[in-house]
There are 2 protein chains.
Amino acid sequence: MDFRKKLAIEPGSTVSLADINPEQDGGIESKEEGKEKLSGILDEITPLQEMLYAEKKHALLIVLQGIDAAGKDGVCWHVIRAMNPQGTYVASFKQPTEVEKAHDFLWRVHQRVPAMGQVAVFNRSHYEDVLVARVHNLVSKQVWSKRYHEINNFEEFLTENGVTIVKFFLYISKDEQLERFEKRLEDKDRQWKISASDYAERDRWDEYIEAYEAMLSHCSTAHAPWYVIPANRKWFRNLAAADIIHRAMLDMQIESPRPTVDIDEIYRRYHHAVREA
Amino acid sequence: MDFRKKLAIEPGSTVSLADINPEQDGGIESKEEGKEKLSGILDEITPLQEMLYAEKKHALLIVLQGIDAAGKDGVCWHVIRAMNPQGTYVASFKQPTEVEKAHDFLWRVHQRVPAMGQVAVFNRSHYEDVLVARVHNLVSKQVWSKRYHEINNFEEFLTENGVTIVKFFLYISKDEQLERFEKRLEDKDRQWKISASDYAERDRWDEYIEAYEAMLSHCSTAHAPWYVIPANRKWFRNLAAADIIHRAMLDMQIESPRPTVDIDEIYRRYHHAVREA
């Protein structure tokens with residue numbers, strides 16, 4: 001199944017998350033079947049990333065957004081791990097520092113854009129500046145409402161300069177979030193993850209949904225599409241994300257770079273043998 | 001087996017690599033047994049790294065050095081992958097840029113030192129400044145000979161500030177290197193890795209060995225020891241590196257952070273139930 005086609009937000013469309021079922025499983029029979037499919041896709045991602053790293057003509061930027069407990073870390077752990085850590089990194093964007101706040105909102109983000117040959121994952125991103133900034137009135141409407149087209153221009157610029165952008169909104173239901181919070185409460189090793197603000201944010205669920213819908217409606221573009229990943233089922237979330245990343249990498253038409261030396265000559269000179277034809 | 005004890009360079013000792021057998025297998029019966037042991041250790045590293053990330057009171061810096069094809073990338077791939085990419089990164093130090101060259105040699109390195117909670121792998125490092133810089137006379141002897149104690153002071157400073165440092169010299173034999181080069185020549189997807197300079201560097205093998213010995217003799221300290229990893233056998237290299245990393249992490253006495261909220265109160269208020277004692 002082509003999850004890219006199935007889960008992409010059509011540019012220019014108006015998104016209503018109520019129309020999307022976070023419980024979806026893509027018609028896959030069982031969790032086991034899903035995991036098997038995932039494993040097959042990861043096996044194909046590995047050599048593609050090695051080639052991307054070698055070729056140094058493309059970069060891949062994966063943007064992860066989602067409400068608390070939606071599974072942003074899980075995607076890093078289960079999908080990104082198929083790639084050699086050598087050419088991959090995760091950039092987490094937390095509350096901006098004083099220095100960052102003294103710059104425009106894209107300044108800190110631009111610094112973490114992957115170089116050619118690299119894969120970067122943004123765990124939260126510049127989209128926080130139209131999400132938390134909007135919900136909490138950190139800036140005026142006049143300011144955040146301009147940001148949608150500023151982001152579109154920025155992302156278009158990046159894609160014109162060799163960066164493929166794939167954006168995942170991990171979508172879980174409000175009930176699922178509460179269950180996941182509860183699991184953290186019950187696990188001594190994960191209680192530290194719980195903060196009072198998690199629940200305060202949860203109280204603003206509807207406002208966040210509205211902000212997510214605006215983000216998805218305004219910023220899913222032909223060059224940098226948004227995908228809404230139904231994320232109640234972790235195995236489906238990982239599978240869908242991996243499938244979309246895989247297809248995006250295939251589209252890059254990455255090629256192993258040509259050798260920079262005369263292989264036959266090297267062989268004769270240093271390995272004292274004639275290479276078989 | 002405690003590979004940390006077995007493979008550490010005693011501070012103050014004079015190292016002769018001729019006395020170390022790169023073919024060593026640590027008395028392990030078979031490759032299969034080695035891989036099984038590795039897998040067990042990686043399973044223990046995973047939760048330790050999760051806690052390190054949560055606690056944010058320690059950092060781990062793993063320095064990888066070794067001649068071309070010694071397996072620096074392999075260690076990233078087979079050992080570091082046991083850690084959540086979220087809290088881990090690989091910093092590769094190539095030829096310094098113009099800006100980097102305009103600063104002292106530790107300037108660019110300091111920028112990539114892991115923050116508390118992070119694990120960083122240096123794939124090559126500040127030690128290149130007493131290796132390639134020494135072998136190729138990039139700076140005078142007067143300059144590079146001072147660097148050993150400058151490095152020791154820098155590393156001591158880092159360890160005093162919460163960074164545990166583990167340094168691996170991956171040691172392969174000259175024959176093994178030629179075989180690995182040959183495998184690259186024979187593999188169309190890896191021919192790009194071969195450059196003429198690989199062979200030019202190989203011609204300076206003895207000079208590099210001398211520089212490695214000086215580095216190991218001068219810079220294996222109580223706070224930041226060097227380990228010589230016999231690396232002809234890839235499975236043994238991975239196992240020894242993982243074992244040493246694991247023991248270093250255990251020594252950190254990492255603890256899951258205490259919850260920042262009253263768990264019972266949160267439970268009652270939001271989950272409408274009383275937590276079982």
# chains A, B, ... in the order shown; residues from 1 in each chain; ligands from 1
>>> residues_around(residues="Phe3 (chain A)", least_positions_apart="5", cutoff="10 Å", atoms="only C-alpha atoms", output="ChimeraX atom specification")
/A:8,26,227,229,239-244,247
>>> interface_residues(of="chain B", to="chain A", cutoff="6 Å", atoms="only C-alpha atoms", output="compact mmCIF listing (two decimals) with N, CA, C and O atoms, in the first residue's frame")
# COMPACT_ATOMS: atom_id res chain seq x y z
N TRP B 77 27.79 2.04 13.70
CA TRP B 77 26.67 1.29 13.15
C TRP B 77 26.22 0.17 14.09
O TRP B 77 25.03 -0.01 14.32
N ASN B 84 19.03 5.45 21.68
CA ASN B 84 18.00 6.25 21.02
C ASN B 84 18.66 7.42 20.28
O ASN B 84 19.40 8.20 20.89
N GLN B 86 17.66 10.09 19.45
CA GLN B 86 17.24 11.29 20.15
C GLN B 86 18.32 11.89 21.06
O GLN B 86 18.45 13.10 21.17
N VAL B 90 26.78 11.61 16.21
CA VAL B 90 28.14 11.36 15.78
C VAL B 90 28.69 12.66 15.21
O VAL B 90 28.05 13.29 14.37
N GLN B 191 33.21 1.40 -4.16
CA GLN B 191 34.42 1.88 -4.83
C GLN B 191 34.66 3.37 -4.60
O GLN B 191 35.79 3.83 -4.57
N TRP B 192 33.57 4.10 -4.42
CA TRP B 192 33.71 5.54 -4.19
C TRP B 192 34.52 5.85 -2.93
O TRP B 192 35.05 6.94 -2.79
N PRO B 257 15.37 10.18 37.05
CA PRO B 257 15.01 11.35 37.86
C PRO B 257 13.71 11.13 38.62
O PRO B 257 12.82 10.42 38.16
N ARG B 258 13.63 11.74 39.80
CA ARG B 258 12.38 11.69 40.57
C ARG B 258 11.27 12.42 39.79
O ARG B 258 11.55 13.40 39.11
N PRO B 259 10.05 11.99 39.97
CA PRO B 259 8.95 12.74 39.33
C PRO B 259 8.90 14.17 39.87
O PRO B 259 9.20 14.40 41.05
>>> residues_around(residues="Leu170 (chain A)", least_positions_apart="3", cutoff="10 Å", atoms="only C-alpha atoms", output="PyMOL selection string")
chain A and resi 22+64-72+75+167+227-232+237+241
>>> write_last_selection(atoms="all heavy atoms", output="short mmCIF file (atom, residue, chain, number, x, y, z; two decimals), in the first residue's frame")
data_model
loop_
_atom_site.label_atom_id
_atom_site.label_comp_id
_atom_site.auth_asym_id
_atom_site.auth_seq_id
_atom_site.Cartn_x
_atom_site.Cartn_y
_atom_site.Cartn_z
N PRO A 22 -7.76 8.25 13.98
CA PRO A 22 -6.40 7.98 14.47
C PRO A 22 -6.17 6.51 14.78
O PRO A 22 -5.04 6.10 15.04
CB PRO A 22 -6.31 8.82 15.75
CG PRO A 22 -7.71 9.07 16.17
CD PRO A 22 -8.56 9.05 14.93
N LEU A 64 8.78 16.19 12.57
CA LEU A 64 7.80 15.48 13.41
C LEU A 64 7.06 16.46 14.30
O LEU A 64 7.68 17.20 15.06
CB LEU A 64 8.51 14.46 14.31
CG LEU A 64 9.24 13.31 13.65
CD1 LEU A 64 9.89 12.42 14.72
CD2 LEU A 64 8.30 12.48 12.79
N GLN A 65 5.77 16.45 14.15
CA GLN A 65 4.93 17.24 15.07
C GLN A 65 3.85 16.33 15.63
O GLN A 65 3.52 15.29 15.05
CB GLN A 65 4.31 18.44 14.35
CG GLN A 65 5.30 19.53 13.99
CD GLN A 65 5.84 20.37 15.15
OE1 GLN A 65 6.86 21.04 15.03
NE2 GLN A 65 5.17 20.30 16.31
N GLY A 66 3.30 16.71 16.74
CA GLY A 66 2.24 15.90 17.35
C GLY A 66 2.11 16.34 18.78
O GLY A 66 3.07 16.84 19.38
N ILE A 67 0.94 16.12 19.31
CA ILE A 67 0.66 16.49 20.68
C ILE A 67 1.50 15.61 21.62
O ILE A 67 2.04 14.59 21.20
CB ILE A 67 -0.88 16.36 20.92
CG1 ILE A 67 -1.36 17.38 21.92
CG2 ILE A 67 -1.28 14.93 21.23
CD1 ILE A 67 -2.66 18.03 21.56
N ASP A 68 1.66 15.97 22.88
CA ASP A 68 2.41 15.17 23.84
C ASP A 68 1.98 13.71 23.80
O ASP A 68 0.79 13.42 23.79
CB ASP A 68 2.17 15.66 25.28
CG ASP A 68 2.91 16.95 25.57
OD1 ASP A 68 3.90 17.25 24.86
OD2 ASP A 68 2.50 17.67 26.51
N ALA A 69 2.96 12.83 23.81
CA ALA A 69 2.73 11.37 23.83
C ALA A 69 2.25 10.82 22.49
O ALA A 69 1.87 9.66 22.40
CB ALA A 69 1.77 10.95 24.95
N ALA A 70 2.30 11.62 21.43
CA ALA A 70 1.84 11.13 20.13
C ALA A 70 2.83 10.15 19.51
O ALA A 70 2.47 9.39 18.61
CB ALA A 70 1.62 12.31 19.17
N GLY A 71 4.07 10.17 20.00
CA GLY A 71 5.02 9.14 19.53
C GLY A 71 6.18 9.68 18.71
O GLY A 71 6.76 8.95 17.92
N LYS A 72 6.52 10.95 18.90
CA LYS A 72 7.64 11.53 18.15
C LYS A 72 8.95 10.78 18.46
O LYS A 72 9.70 10.42 17.56
CB LYS A 72 7.78 13.02 18.45
CG LYS A 72 6.53 13.83 18.06
CD LYS A 72 6.69 15.32 18.29
CE LYS A 72 6.68 15.72 19.74
NZ LYS A 72 5.41 15.47 20.48
N VAL A 75 9.06 7.27 16.79
CA VAL A 75 9.44 7.24 15.37
C VAL A 75 10.96 7.33 15.24
O VAL A 75 11.58 6.61 14.45
CB VAL A 75 8.74 8.37 14.58
CG1 VAL A 75 9.33 8.50 13.18
CG2 VAL A 75 7.24 8.09 14.50
N LYS A 167 6.93 15.91 6.12
CA LYS A 167 6.42 16.39 7.41
C LYS A 167 5.32 15.47 7.93
O LYS A 167 4.34 15.23 7.23
CB LYS A 167 5.89 17.82 7.24
CG LYS A 167 6.97 18.78 6.75
CD LYS A 167 6.47 20.21 6.57
CE LYS A 167 5.44 20.35 5.49
NZ LYS A 167 5.21 21.77 5.09
N TYR A 227 1.87 15.00 6.04
CA TYR A 227 1.18 13.72 6.13
C TYR A 227 0.57 13.62 7.52
O TYR A 227 1.26 13.89 8.51
CB TYR A 227 2.15 12.55 5.93
CG TYR A 227 2.81 12.59 4.57
CD1 TYR A 227 4.03 13.23 4.39
CD2 TYR A 227 2.19 12.02 3.47
CE1 TYR A 227 4.62 13.31 3.15
CE2 TYR A 227 2.78 12.08 2.21
CZ TYR A 227 3.99 12.73 2.06
OH TYR A 227 4.56 12.81 0.82
N VAL A 228 -0.69 13.27 7.58
CA VAL A 228 -1.31 13.00 8.89
C VAL A 228 -1.20 11.50 9.13
O VAL A 228 -1.79 10.70 8.39
CB VAL A 228 -2.77 13.46 8.94
CG1 VAL A 228 -3.39 13.10 10.29
CG2 VAL A 228 -2.87 14.97 8.70
N ILE A 229 -0.44 11.13 10.14
CA ILE A 229 -0.22 9.71 10.44
C ILE A 229 -1.13 9.29 11.59
O ILE A 229 -0.97 9.78 12.71
CB ILE A 229 1.24 9.46 10.88
CG1 ILE A 229 2.24 10.06 9.89
CG2 ILE A 229 1.49 7.97 11.12
CD1 ILE A 229 2.45 9.27 8.65
N PRO A 230 -2.09 8.42 11.30
CA PRO A 230 -2.92 7.90 12.39
C PRO A 230 -2.01 7.16 13.36
O PRO A 230 -1.33 6.21 12.95
CB PRO A 230 -3.88 6.93 11.68
CG PRO A 230 -3.84 7.33 10.22
CD PRO A 230 -2.45 7.82 10.00
N ALA A 231 -1.98 7.58 14.62
CA ALA A 231 -0.88 7.14 15.49
C ALA A 231 -1.35 6.48 16.78
O ALA A 231 -0.55 6.26 17.69
CB ALA A 231 0.04 8.33 15.79
N ASN A 232 -2.63 6.14 16.85
CA ASN A 232 -3.08 5.41 18.04
C ASN A 232 -2.39 4.05 18.15
O ASN A 232 -2.09 3.59 19.22
CB ASN A 232 -4.60 5.18 18.01
CG ASN A 232 -5.35 6.35 18.63
OD1 ASN A 232 -4.79 7.43 18.82
ND2 ASN A 232 -6.63 6.14 18.93
N ARG A 237 1.76 3.52 12.99
CA ARG A 237 2.48 4.80 12.90
C ARG A 237 3.88 4.59 12.33
O ARG A 237 4.30 5.27 11.38
CB ARG A 237 2.56 5.39 14.31
CG ARG A 237 3.47 6.58 14.44
CD ARG A 237 3.87 6.76 15.92
NE ARG A 237 4.89 5.82 16.30
CZ ARG A 237 5.16 5.45 17.55
NH1 ARG A 237 4.46 5.93 18.57
NH2 ARG A 237 6.12 4.58 17.82
N ALA A 241 5.09 5.84 8.55
CA ALA A 241 6.20 6.80 8.47
C ALA A 241 7.35 6.21 7.64
O ALA A 241 7.92 6.88 6.77
CB ALA A 241 6.69 7.17 9.87
#
>>> select_by_dssp(residues="region 48-123 of chain B", states="alpha helix (DSSP H)", output="ChimeraX atom specification")
/B:48-55,72-78,98-101,107-111
>>> atom_distance(atom1="CA of Ser220 (chain B)", atom2="CA of Pro11 (chain B)")
5.1 Å
>>> select_by_dssp(residues="region 65-240 of chain B", states="strand (DSSP E)", output="PyMOL selection string")
chain B and resi 65-66+88-92+119-123+163-171+226-230
>>> decode(residues="region 23-69 of chain B", atoms="N, CA and C atoms", output="compact mmCIF listing (two decimals), in the first residue's frame")
# COMPACT_ATOMS: atom_id res chain seq x y z
N GLU B 23 44.65 -9.39 16.05
CA GLU B 23 43.84 -10.55 15.67
C GLU B 23 43.11 -11.14 16.88
N GLN B 24 43.42 -10.62 18.07
CA GLN B 24 42.85 -11.15 19.32
C GLN B 24 41.34 -11.36 19.30
N ASP B 25 40.90 -12.37 20.01
CA ASP B 25 39.46 -12.64 20.10
C ASP B 25 39.01 -12.77 21.56
N GLY B 26 39.88 -12.37 22.50
CA GLY B 26 39.50 -12.36 23.91
C GLY B 26 39.13 -13.74 24.45
N GLY B 27 39.60 -14.78 23.78
CA GLY B 27 39.34 -16.14 24.26
C GLY B 27 37.91 -16.59 24.04
N ILE B 28 37.19 -15.85 23.19
CA ILE B 28 35.79 -16.24 22.95
C ILE B 28 35.77 -17.32 21.86
N GLU B 29 34.97 -18.33 22.12
CA GLU B 29 35.04 -19.54 21.31
C GLU B 29 34.72 -19.33 19.83
N SER B 30 33.67 -18.55 19.57
CA SER B 30 33.26 -18.42 18.17
C SER B 30 32.66 -17.03 17.94
N LYS B 31 32.60 -16.67 16.68
CA LYS B 31 31.96 -15.43 16.27
C LYS B 31 30.51 -15.39 16.76
N GLU B 32 29.84 -16.54 16.69
CA GLU B 32 28.44 -16.60 17.10
C GLU B 32 28.31 -16.27 18.60
N GLU B 33 29.19 -16.86 19.39
CA GLU B 33 29.17 -16.59 20.82
C GLU B 33 29.43 -15.10 21.06
N GLY B 34 30.36 -14.53 20.29
CA GLY B 34 30.69 -13.12 20.43
C GLY B 34 29.48 -12.25 20.12
N LYS B 35 28.78 -12.60 19.06
CA LYS B 35 27.62 -11.80 18.65
C LYS B 35 26.49 -11.88 19.67
N GLU B 36 26.36 -13.06 20.26
CA GLU B 36 25.33 -13.24 21.27
C GLU B 36 25.65 -12.38 22.50
N LYS B 37 26.92 -12.42 22.90
CA LYS B 37 27.33 -11.60 24.04
C LYS B 37 27.10 -10.11 23.73
N LEU B 38 27.44 -9.71 22.51
CA LEU B 38 27.25 -8.31 22.11
C LEU B 38 25.79 -7.92 22.26
N SER B 39 24.93 -8.77 21.76
CA SER B 39 23.50 -8.46 21.78
C SER B 39 23.00 -8.30 23.22
N GLY B 40 23.50 -9.13 24.12
CA GLY B 40 23.14 -9.00 25.53
C GLY B 40 23.59 -7.67 26.13
N ILE B 41 24.80 -7.26 25.76
CA ILE B 41 25.33 -5.99 26.30
C ILE B 41 24.54 -4.80 25.73
N LEU B 42 24.24 -4.86 24.44
CA LEU B 42 23.49 -3.75 23.83
C LEU B 42 22.12 -3.60 24.50
N ASP B 43 21.51 -4.74 24.85
CA ASP B 43 20.22 -4.69 25.53
C ASP B 43 20.33 -4.00 26.89
N GLU B 44 21.50 -4.02 27.48
CA GLU B 44 21.67 -3.32 28.77
C GLU B 44 22.04 -1.86 28.57
N ILE B 45 22.69 -1.57 27.45
CA ILE B 45 23.06 -0.18 27.17
C ILE B 45 21.81 0.67 26.90
N THR B 46 20.85 0.08 26.20
CA THR B 46 19.66 0.84 25.80
C THR B 46 18.98 1.55 26.98
N PRO B 47 18.58 0.82 28.04
CA PRO B 47 17.92 1.53 29.14
C PRO B 47 18.85 2.49 29.90
N LEU B 48 20.15 2.16 29.94
CA LEU B 48 21.09 3.08 30.61
C LEU B 48 21.12 4.42 29.87
N GLN B 49 21.13 4.35 28.55
CA GLN B 49 21.16 5.59 27.78
C GLN B 49 19.85 6.36 27.95
N GLU B 50 18.76 5.64 28.03
CA GLU B 50 17.46 6.32 28.25
C GLU B 50 17.50 7.09 29.58
N MET B 51 18.09 6.45 30.59
CA MET B 51 18.17 7.10 31.90
C MET B 51 19.14 8.29 31.89
N LEU B 52 20.26 8.09 31.20
CA LEU B 52 21.24 9.18 31.07
C LEU B 52 20.57 10.41 30.47
N TYR B 53 19.77 10.13 29.42
CA TYR B 53 19.04 11.19 28.71
C TYR B 53 18.04 11.87 29.64
N ALA B 54 17.38 11.07 30.46
CA ALA B 54 16.36 11.59 31.37
C ALA B 54 16.99 12.40 32.51
N GLU B 55 18.07 11.86 33.05
CA GLU B 55 18.66 12.42 34.26
C GLU B 55 19.36 13.76 34.00
N LYS B 56 20.03 13.83 32.84
CA LYS B 56 20.73 15.06 32.43
C LYS B 56 21.78 15.53 33.45
N LYS B 57 22.45 14.59 34.09
CA LYS B 57 23.51 14.94 35.03
C LYS B 57 24.88 14.43 34.58
N HIS B 58 24.88 13.62 33.54
CA HIS B 58 26.13 13.10 33.01
C HIS B 58 26.08 13.20 31.49
N ALA B 59 27.27 13.18 30.90
CA ALA B 59 27.35 13.05 29.45
C ALA B 59 28.42 12.01 29.14
N LEU B 60 28.32 11.41 27.98
CA LEU B 60 29.31 10.41 27.59
C LEU B 60 29.91 10.81 26.24
N LEU B 61 31.24 10.85 26.21
CA LEU B 61 31.95 11.16 24.97
C LEU B 61 32.81 9.97 24.59
N ILE B 62 32.51 9.43 23.42
CA ILE B 62 33.26 8.28 22.91
C ILE B 62 34.13 8.76 21.76
N VAL B 63 35.44 8.64 21.92
CA VAL B 63 36.36 9.09 20.87
C VAL B 63 36.83 7.88 20.07
N LEU B 64 36.68 7.95 18.76
CA LEU B 64 37.14 6.85 17.89
C LEU B 64 38.30 7.31 17.03
N GLN B 65 39.40 6.62 17.15
CA GLN B 65 40.52 6.87 16.25
C GLN B 65 40.96 5.53 15.66
N GLY B 66 41.65 5.59 14.56
CA GLY B 66 42.12 4.37 13.91
C GLY B 66 42.47 4.71 12.49
N ILE B 67 43.36 3.92 11.93
CA ILE B 67 43.80 4.13 10.56
C ILE B 67 42.62 3.86 9.61
N ASP B 68 42.74 4.31 8.36
CA ASP B 68 41.67 4.07 7.38
C ASP B 68 41.24 2.61 7.37
N ALA B 69 39.93 2.39 7.35
CA ALA B 69 39.34 1.04 7.27
C ALA B 69 39.44 0.26 8.59
